[in-house]
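Novice: If you scroll down you'll find the structure; I have some questions about it.
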Amino acid sequence: MNTASSPLRLASIFALLLLGGCNTAYREAFNRAREAAIRGDFLTAARSYRDACRAAPDDEEACGRVPLFSVKATDQAITSARPGCDAGELDRCLPPLLDARDLLPEHVEVNAMLEKASQLHTERCASQWKEDGSVGSAVAGLACLQARGHQLPVAAYQDLLASRASQLSTRFATLATTARSRGTQGAAAVLWTTAQCLAPSDTTGAELQRSQQDFFAQSSIPVETRLDGPIYRPIAQNLSSPCSSLASGLPRGSRCAENGTVPGQPSTLVLQVDAVVQRVVERVSEDVNHVRYVSGTRQVPNPRFERARDRLGDAERELRRAERAFEEKDKECKKNPPAHDATCVGCPDSAPASTPACDEARRLDEERKQKVAAREEAGRELDGLPETVTEDVHDTFTYSVLTHDWSSPYQFTLRANTPGGSPPVQDAGVLRFSDAEHVGFGPAGISADPLDVPPPHAFSGAFLERLAPHVFAAVRHDARVRGAARRSACNALPANWNTDWVQCFAEATLWENGSEPAPDEFLRFVASSTGATEQPQCR
């Protein structure tokens, strides 16, 4: 005997059917959860029921199964993790516990096992990297702790990470202060950057910004550009300081030597430019242009008026002809009127018989009426037209366009004074400017175009534009060569490193890459100098 289903069960079934038809995410998650539950995969079942509940928060069946299967999955995860945790094998211990904590974040046993795992890993890192007072060991120890940081969401462990990073940041800040006092600004910049990356703060950030400015002022390669050779005097007057004119485009990590010297700066890169810039020659060519324009107006006979007047005359002549023809036939009709036919005494009168003359008279009368209407129409058309119309008078304006072309041939050779400098480069060409001039003439809509003569500094700027790419390329080449040579002296961080090594590392990176070293790169150097395999991370 079948029993009636409860209203709650019926509502759940109805909701399942309704949602299954229109909510694909719910349907897929619910089916996935049911299949996982059948095969005993409680973790997948709990997560899938959770997904189904999120897709359909009103579904009591899916939402009601989430806590049930979360407990089952957690029990299953604890059973799976316990052997690894007891053996101290964190790679086997932690993943199942993290899965369980994702389902039940406040589960007491799971959190207790994670706490125990965090203590175990802390002890291992302390045993492997004993505090010996060196920065390298401290960095390696922090890297060891950070390696499990994402797997140990334990408040005490995360506090330990923050505390160790803050302590290490303070040590790097102290080293940065020492480096600044010794005049090694590059080392100070690297150390302040590292301190900021470990424990960001406004105070450290301000020191970092200052140290980076000092670093670029000290370690940027000074560039001096010497320009010699026969150069047209007006152009040469604007080329007295070529590097300053090109300063904004110099590669990062270089500066103009004219800005002054700084203690500890690298040797100056001298770029010798032997140039020939000839005097400016002007050539003028003339083109004659013709423009048609409206110079005035005049009154001329209206051709439509003339044609309308001719049509009126024709209509009047046609009317007179039609009237004469009608009058003649009408007279003839009246002289010989139609006779009545008498058939019997007392019979009603019949219509008089027509004659050819009367018939023709009636036809001509209709034709006359048509001619009258045509004449009236022609008269109305003529009355609506002016006898004259206004006509534009055109004229031609002829004027000359003078095109001025200025040219100054140039050539130069650029040489660097450094042993590893780029090979000499040569370039040649012509500096050109052009402009046109002509008068204006308002009636033709032509505006005057006055002559714009290029000043000498325009030719100077054009010459610098030709020179700039070669200067920049020579500076980049010199910086790479210097960086490689500098790098050979500090390719690997020694166990007992000091600020001089950091200064070398900073300058080599600046010259090779045009930027200051990244903090995580320096931290990797420090960690690797102790033999650590874990890589420290910025916070």
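Simple scheme: letters A, B, ... for chains in structure tokens order, numbers from 1 for residues in each chain, numbers from 1 for ligands in the order shown.
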For the structure I just gave you, how does DSSP split region 374-439 of chain A - specifically, which residues are alpha helix (DSSP H)? Reply as a PDB file with C-alpha atoms, in the first residue's frame.

Specialist:
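Below you can see out-v6.pdb, which holds the result:
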```
ATOM      1  CA  ALA A 374      -5.158  78.725 -73.804  1.00  0.00           C
ATOM      2  CA  ARG A 375      -4.707  82.485 -74.295  1.00  0.00           C
ATOM      3  CA  GLU A 376      -5.729  83.164 -70.694  1.00  0.00           C
ATOM      4  CA  GLU A 377      -3.283  80.510 -69.407  1.00  0.00           C
ATOM      5  CA  ALA A 378      -0.459  82.020 -71.512  1.00  0.00           C
ATOM      6  CA  GLY A 379      -1.304  85.464 -70.142  1.00  0.00           C
ATOM      7  CA  ARG A 380      -1.196  84.298 -66.539  1.00  0.00           C
ATOM      8  CA  GLU A 381       2.201  82.630 -67.116  1.00  0.00           C
ATOM      9  CA  LEU A 382       3.600  85.810 -68.642  1.00  0.00           C
ATOM     10  CA  ASP A 383       2.293  87.948 -65.796  1.00  0.00           C
TER      11      ASP A 383
END
```

Novice: DSSP on the backbone: which residues in region 267-479 of chain A end up as strand (DSSP E or B)? Give the answer as a PyMOL selection string.

Specialist: chain A and resi 269-277+281-301+388-416+425-438+441+446+449

Novice: In Å to one decimal, how far is CA of Leu145 (chain A) from CA of Cys93 (chain A)?

Specialist: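 CA of Cys93 (chain A) sits 16.7 Å away from CA of Leu145 (chain A).
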
Novice: Extract, using only C-alpha atoms, all DNA, RNA and protein residues at most 12 Å from Gly249 (chain A), discarding same-chain residues fewer than 5 positions from it, and format them as a short mmCIF file (atom, residue, chain, number, x, y, z; two decimals) with N, CA and C atoms, in the first residue's frame.

Specialist:
```cif
data_model
loop_
_atom_site.label_atom_id
_atom_site.label_comp_id
_atom_site.auth_asym_id
_atom_site.auth_seq_id
_atom_site.Cartn_x
_atom_site.Cartn_y
_atom_site.Cartn_z
N PRO A 242 74.94 69.87 -26.78
CA PRO A 242 74.07 68.86 -27.40
C PRO A 242 73.49 67.85 -26.41
N CYS A 243 74.27 67.46 -25.38
CA CYS A 243 73.75 66.46 -24.43
C CYS A 243 72.54 67.01 -23.68
N SER A 244 72.61 68.27 -23.27
CA SER A 244 71.48 68.86 -22.55
C SER A 244 70.23 68.88 -23.41
N SER A 254 71.66 56.87 -17.16
CA SER A 254 72.69 57.77 -17.70
C SER A 254 72.19 59.20 -17.53
N ARG A 255 73.12 60.12 -17.53
CA ARG A 255 72.78 61.53 -17.37
C ARG A 255 73.85 62.38 -18.03
N CYS A 256 73.54 63.64 -18.26
CA CYS A 256 74.51 64.53 -18.87
C CYS A 256 75.58 64.93 -17.85
N LEU A 464 70.03 67.63 -34.48
CA LEU A 464 70.02 66.81 -33.26
C LEU A 464 69.09 65.60 -33.41
N GLU A 465 68.01 65.76 -34.15
CA GLU A 465 67.13 64.61 -34.38
C GLU A 465 67.86 63.51 -35.15
N LEU A 467 71.12 63.09 -35.01
CA LEU A 467 72.21 62.62 -34.16
C LEU A 467 71.70 61.77 -33.00
N ALA A 468 70.50 62.08 -32.47
CA ALA A 468 70.00 61.48 -31.24
C ALA A 468 70.00 59.95 -31.25
N PRO A 469 69.46 59.26 -32.27
CA PRO A 469 69.44 57.79 -32.20
C PRO A 469 70.82 57.18 -32.05
N HIS A 470 71.82 57.78 -32.67
CA HIS A 470 73.19 57.24 -32.58
C HIS A 470 73.78 57.49 -31.19
N VAL A 471 73.45 58.64 -30.61
CA VAL A 471 73.92 58.93 -29.25
C VAL A 471 73.31 57.94 -28.27
N PHE A 472 71.99 57.75 -28.37
CA PHE A 472 71.30 56.85 -27.44
C PHE A 472 71.81 55.42 -27.59
N ALA A 473 72.03 55.00 -28.83
CA ALA A 473 72.54 53.64 -29.04
C ALA A 473 73.93 53.48 -28.46
N VAL A 475 75.18 55.13 -25.92
CA VAL A 475 75.06 55.11 -24.45
C VAL A 475 74.59 53.74 -23.97
N ARG A 476 73.58 53.18 -24.65
CA ARG A 476 73.09 51.85 -24.26
C ARG A 476 74.18 50.79 -24.40
#
```

Novice: Identify which of the residues A:Thr79, A:Gln278, A:Asn491, A:Gln213 lies closest to Glu516 (chain A), counting only C-alpha atoms when measuring atom-to-atom distances.

Specialist: A:Gln213

Novice: In Å to one decimal, how far is CA of Ser447 (chain A) from CA of Val281 (chain A)?

Specialist: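 Going from CA of Val281 (chain A) over to CA of Ser447 (chain A), I get 28.0 Å.
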
Novice: Which one of A:Ala495, A:Leu152, A:Leu120, A:Val280 sits closest to Pro456 (chain A) if you count only C-alpha atoms?

Specialist: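 Ranked by minimum distance to Pro456 (chain A), first place goes to A:Val280.
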